[in-house]
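> Right, I'll just put the structure down here and ask away after.
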Amino acid sequence: MAKFVRDIMKIGVPVCELDTALPAIAKLMAQENADAVVVMDEVGSCGVVSQSDLVRAYPRNYELLTAKDVMTAKVLTVPPDAAATAVAHMMMDEHVHQVFVLHEHPGAGKPSAVVTMRAIVREMAGLEAERPQPPVKRK
C-alpha cells in the first residue's frame, strides 16, 4: 500500500527568527526532539538551521552566531498528499535529512509538519508516525 507524506509526517515544526542565537536554537531542538528549526522572517519561512549547521558552527565562536549566520536559505517543502517515496528521492537528491510540509492556505508560508529520515526509517520498521502527545489534564 502506497504511503503519503500525511501518513509519516511529524506534526509541529519548531521555528525561530533570523537573530536567534545558536545556543537558543540548540536548546529548542533538544526540547522539541527536532532535527532542524525553520527560520522565519516577516514574510514567512526563509531558511533552516539543522543539526549539521550547528555542528559545523561548534568549533567557531558559536555563542556569537545567529540563525542568519549558519542557516541554509533553501526550505524544501512538499504537500501532505505527496508520495512518501518521492520525498525519499528528494532527500537523497538534495542531500537533506528533512523536508517540510506546507498546507495550502493564504498567508505566510509557515510549515506545519516535517518528514525526516527518521520518519522514513520508522515507516520501514512498521512503527507509527511520531505525533505530539496531548496535554495531560490535571485535576
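Ordering of the C-alpha cells sets the chain letters (A, B, ...); residue numbers start at 1 within each chain; ligands are numbered from 1 in the order shown.
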Out of chain A, which residues get strand (DSSP E) from DSSP, as a list in words?

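DSSP on the backbone gives strand (DSSP E) at Lys10, Ile11, Val15, Cys16, Glu17, Ala36, Val37, Val38, Val39, Met40, Ser45, Cys46, Gly47, Val48, Val49, Ser50, Thr77, Val78, Gln98, Val99, Phe100, Val101, Ala113, Val114, Val115 and Thr116 of chain A.
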
> Generate a file of the selected residues that holds C-alpha atoms, formatted as a compact mmCIF listing (two decimals), in the first residue's frame.


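Writing the result to out-v6.txt gives the following:
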# COMPACT_ATOMS: atom_id res chain seq x y z
CA LYS A 10 5.56 14.66 12.36
CA ILE A 11 3.11 17.44 13.15
CA VAL A 15 10.65 27.96 14.44
CA CYS A 16 12.97 30.83 15.29
CA GLU A 17 13.81 34.30 14.00
CA ALA A 36 16.02 21.21 12.43
CA VAL A 37 14.40 24.58 13.11
CA VAL A 38 12.73 26.69 10.43
CA VAL A 39 13.88 30.32 10.37
CA MET A 40 11.09 32.85 9.89
CA SER A 45 9.97 30.72 6.20
CA CYS A 46 13.33 31.91 4.88
CA GLY A 47 15.77 29.21 5.98
CA VAL A 48 16.57 26.13 8.01
CA VAL A 49 19.07 25.55 10.79
CA SER A 50 19.83 21.83 11.01
CA THR A 77 8.56 21.81 1.09
CA VAL A 78 6.06 19.20 -0.02
CA GLN A 98 14.21 16.62 6.33
CA VAL A 99 11.57 18.32 4.20
CA PHE A 100 8.74 20.46 5.50
CA VAL A 101 5.03 20.19 4.88
CA ALA A 113 4.81 19.39 9.79
CA VAL A 114 8.08 17.72 8.83
CA VAL A 115 9.19 14.46 7.23
CA THR A 116 12.62 13.34 8.39

> Taking 3 positions as the minimum chain separation for residues in the same chain, which residues sit within 12 Å of Asp53 of chain A when counting only C-alpha atoms? Answer as a list in words.

Leu22, Ile25, Ala26, Asp35, Ala36, Val37, Gly47, Val48, Val49, Ser50, Arg56, Ala57, Tyr58, Pro59, Arg60, Tyr62, Leu65, Thr66, Ala67, Lys68, Asp69, Val70, Met71, Thr72, Ala73, Val96 and His97 of chain A

> Quick one: write out the picked residues with N, CA and C atoms as a JSON list (two decimals), in the first residue's frame?


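File written: selection-v4.json
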[["chain", "number", "residue", "atom", "x", "y", "z"],
["A", 22, "LEU", "N", 22.54, 30.81, 18.40],
["A", 22, "LEU", "CA", 22.67, 29.37, 18.22],
["A", 22, "LEU", "C", 22.43, 28.56, 19.50],
["A", 25, "ILE", "N", 18.79, 28.08, 19.75],
["A", 25, "ILE", "CA", 18.30, 27.14, 18.73],
["A", 25, "ILE", "C", 18.62, 25.71, 19.15],
["A", 26, "ALA", "N", 19.82, 25.48, 19.66],
["A", 26, "ALA", "CA", 20.20, 24.15, 20.12],
["A", 26, "ALA", "C", 19.27, 23.69, 21.25],
["A", 35, "ASP", "N", 15.19, 17.72, 14.49],
["A", 35, "ASP", "CA", 16.44, 17.66, 13.72],
["A", 35, "ASP", "C", 16.79, 19.00, 13.10],
["A", 36, "ALA", "N", 15.81, 19.91, 13.06],
["A", 36, "ALA", "CA", 16.02, 21.21, 12.43],
["A", 36, "ALA", "C", 14.99, 22.20, 12.95],
["A", 37, "VAL", "N", 15.30, 23.47, 12.75],
["A", 37, "VAL", "CA", 14.40, 24.58, 13.11],
["A", 37, "VAL", "C", 14.23, 25.43, 11.86],
["A", 47, "GLY", "N", 14.59, 30.05, 5.84],
["A", 47, "GLY", "CA", 15.77, 29.21, 5.98],
["A", 47, "GLY", "C", 15.56, 28.10, 6.98],
["A", 48, "VAL", "N", 16.58, 27.27, 7.10],
["A", 48, "VAL", "CA", 16.57, 26.13, 8.01],
["A", 48, "VAL", "C", 17.91, 26.07, 8.72],
["A", 49, "VAL", "N", 17.86, 25.86, 10.03],
["A", 49, "VAL", "CA", 19.07, 25.55, 10.79],
["A", 49, "VAL", "C", 18.94, 24.09, 11.20],
["A", 50, "SER", "N", 19.86, 23.27, 10.71],
["A", 50, "SER", "CA", 19.83, 21.83, 11.01],
["A", 50, "SER", "C", 20.88, 21.49, 12.06],
["A", 56, "ARG", "N", 28.67, 22.21, 12.50],
["A", 56, "ARG", "CA", 29.68, 22.97, 11.75],
["A", 56, "ARG", "C", 30.07, 24.26, 12.47],
["A", 57, "ALA", "N", 29.12, 24.85, 13.19],
["A", 57, "ALA", "CA", 29.39, 26.11, 13.90],
["A", 57, "ALA", "C", 30.08, 25.88, 15.25],
["A", 58, "TYR", "N", 30.01, 24.69, 15.78],
["A", 58, "TYR", "CA", 30.53, 24.40, 17.11],
["A", 58, "TYR", "C", 32.00, 24.79, 17.31],
["A", 59, "PRO", "N", 32.92, 24.50, 16.37],
["A", 59, "PRO", "CA", 34.32, 24.87, 16.58],
["A", 59, "PRO", "C", 34.57, 26.38, 16.52],
["A", 60, "ARG", "N", 33.61, 27.12, 15.97],
["A", 60, "ARG", "CA", 33.74, 28.57, 15.87],
["A", 60, "ARG", "C", 33.20, 29.20, 17.16],
["A", 62, "TYR", "N", 30.47, 29.92, 18.37],
["A", 62, "TYR", "CA", 29.05, 29.70, 18.09],
["A", 62, "TYR", "C", 28.14, 30.53, 18.99],
["A", 65, "LEU", "N", 27.06, 33.57, 17.19],
["A", 65, "LEU", "CA", 26.41, 33.41, 15.90],
["A", 65, "LEU", "C", 24.89, 33.32, 16.05],
["A", 66, "THR", "N", 24.19, 33.68, 14.97],
["A", 66, "THR", "CA", 22.74, 33.62, 14.94],
["A", 66, "THR", "C", 22.27, 32.70, 13.81],
["A", 67, "ALA", "N", 20.99, 32.48, 13.76],
["A", 67, "ALA", "CA", 20.40, 31.66, 12.69],
["A", 67, "ALA", "C", 20.82, 32.18, 11.33],
["A", 68, "LYS", "N", 20.79, 33.48, 11.14],
["A", 68, "LYS", "CA", 21.14, 34.08, 9.85],
["A", 68, "LYS", "C", 22.56, 33.71, 9.42],
["A", 69, "ASP", "N", 23.46, 33.55, 10.38],
["A", 69, "ASP", "CA", 24.86, 33.25, 10.08],
["A", 69, "ASP", "C", 25.09, 31.83, 9.57],
["A", 70, "VAL", "N", 24.24, 30.88, 9.95],
["A", 70, "VAL", "CA", 24.51, 29.48, 9.64],
["A", 70, "VAL", "C", 23.41, 28.77, 8.85],
["A", 71, "MET", "N", 22.27, 29.41, 8.68],
["A", 71, "MET", "CA", 21.12, 28.74, 8.07],
["A", 71, "MET", "C", 21.35, 28.43, 6.59],
["A", 72, "THR", "N", 20.63, 27.42, 6.13],
["A", 72, "THR", "CA", 20.52, 27.13, 4.71],
["A", 72, "THR", "C", 19.29, 27.89, 4.23],
["A", 73, "ALA", "N", 19.46, 28.71, 3.20],
["A", 73, "ALA", "CA", 18.37, 29.57, 2.75],
["A", 73, "ALA", "C", 17.27, 28.82, 2.00],
["A", 96, "VAL", "N", 19.55, 16.31, 1.97],
["A", 96, "VAL", "CA", 18.97, 16.85, 3.20],
["A", 96, "VAL", "C", 18.38, 15.71, 4.02],
["A", 97, "HIS", "N", 18.17, 15.98, 5.29],
["A", 97, "HIS", "CA", 17.63, 14.96, 6.20],
["A", 97, "HIS", "C", 16.16, 15.20, 6.53]]

> Kindly indicate which residue among A:Ile8, A:Val55, A:Leu102, A:Pro23 lies nearest to Met117 of chain A, using only C-alpha atoms for the distances.

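Closest candidate: A:Ile8.
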
> Skipping near chain neighbours, those fewer than 2 positions away, what residues fall within 6 Å of segment 82-91 of chain A using only C-alpha atoms, listed as a PDB file with C-alpha atoms, in the first residue's frame?


ATOM      1  CA  LYS A   3       2.207   5.789   1.792  1.00  0.00           C
ATOM      2  CA  PHE A   4       1.838   9.527   1.624  1.00  0.00           C
ATOM      3  CA  VAL A   5       3.538  12.362   3.461  1.00  0.00           C
ATOM      4  CA  PRO A  79       2.272  18.907   0.170  1.00  0.00           C
ATOM      5  CA  PRO A  80       0.726  16.348   2.551  1.00  0.00           C
ATOM      6  CA  ASP A  93      18.829  14.223  -4.478  1.00  0.00           C
ATOM      7  CA  GLU A  94      19.046  17.380  -2.349  1.00  0.00           C
ATOM      8  CA  HIS A  95      21.310  15.879   0.352  1.00  0.00           C
ATOM      9  CA  VAL A  96      18.975  16.845   3.198  1.00  0.00           C
TER      10      VAL A  96
END

> Looking at only C-alpha atoms, which of A:Ala2, A:Ala30, A:Val43, A:Leu54 is the one that sits closest to Pro14 of chain A?

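Ranked by minimum distance to Pro14 of chain A, first place goes to A:Ala30.
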
> How far is it from atom CA of Gly109 of chain A to atom CA of Ala21 of chain A, in Å with one decimal?

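That distance, rounded to one decimal, is 22.4 Å.
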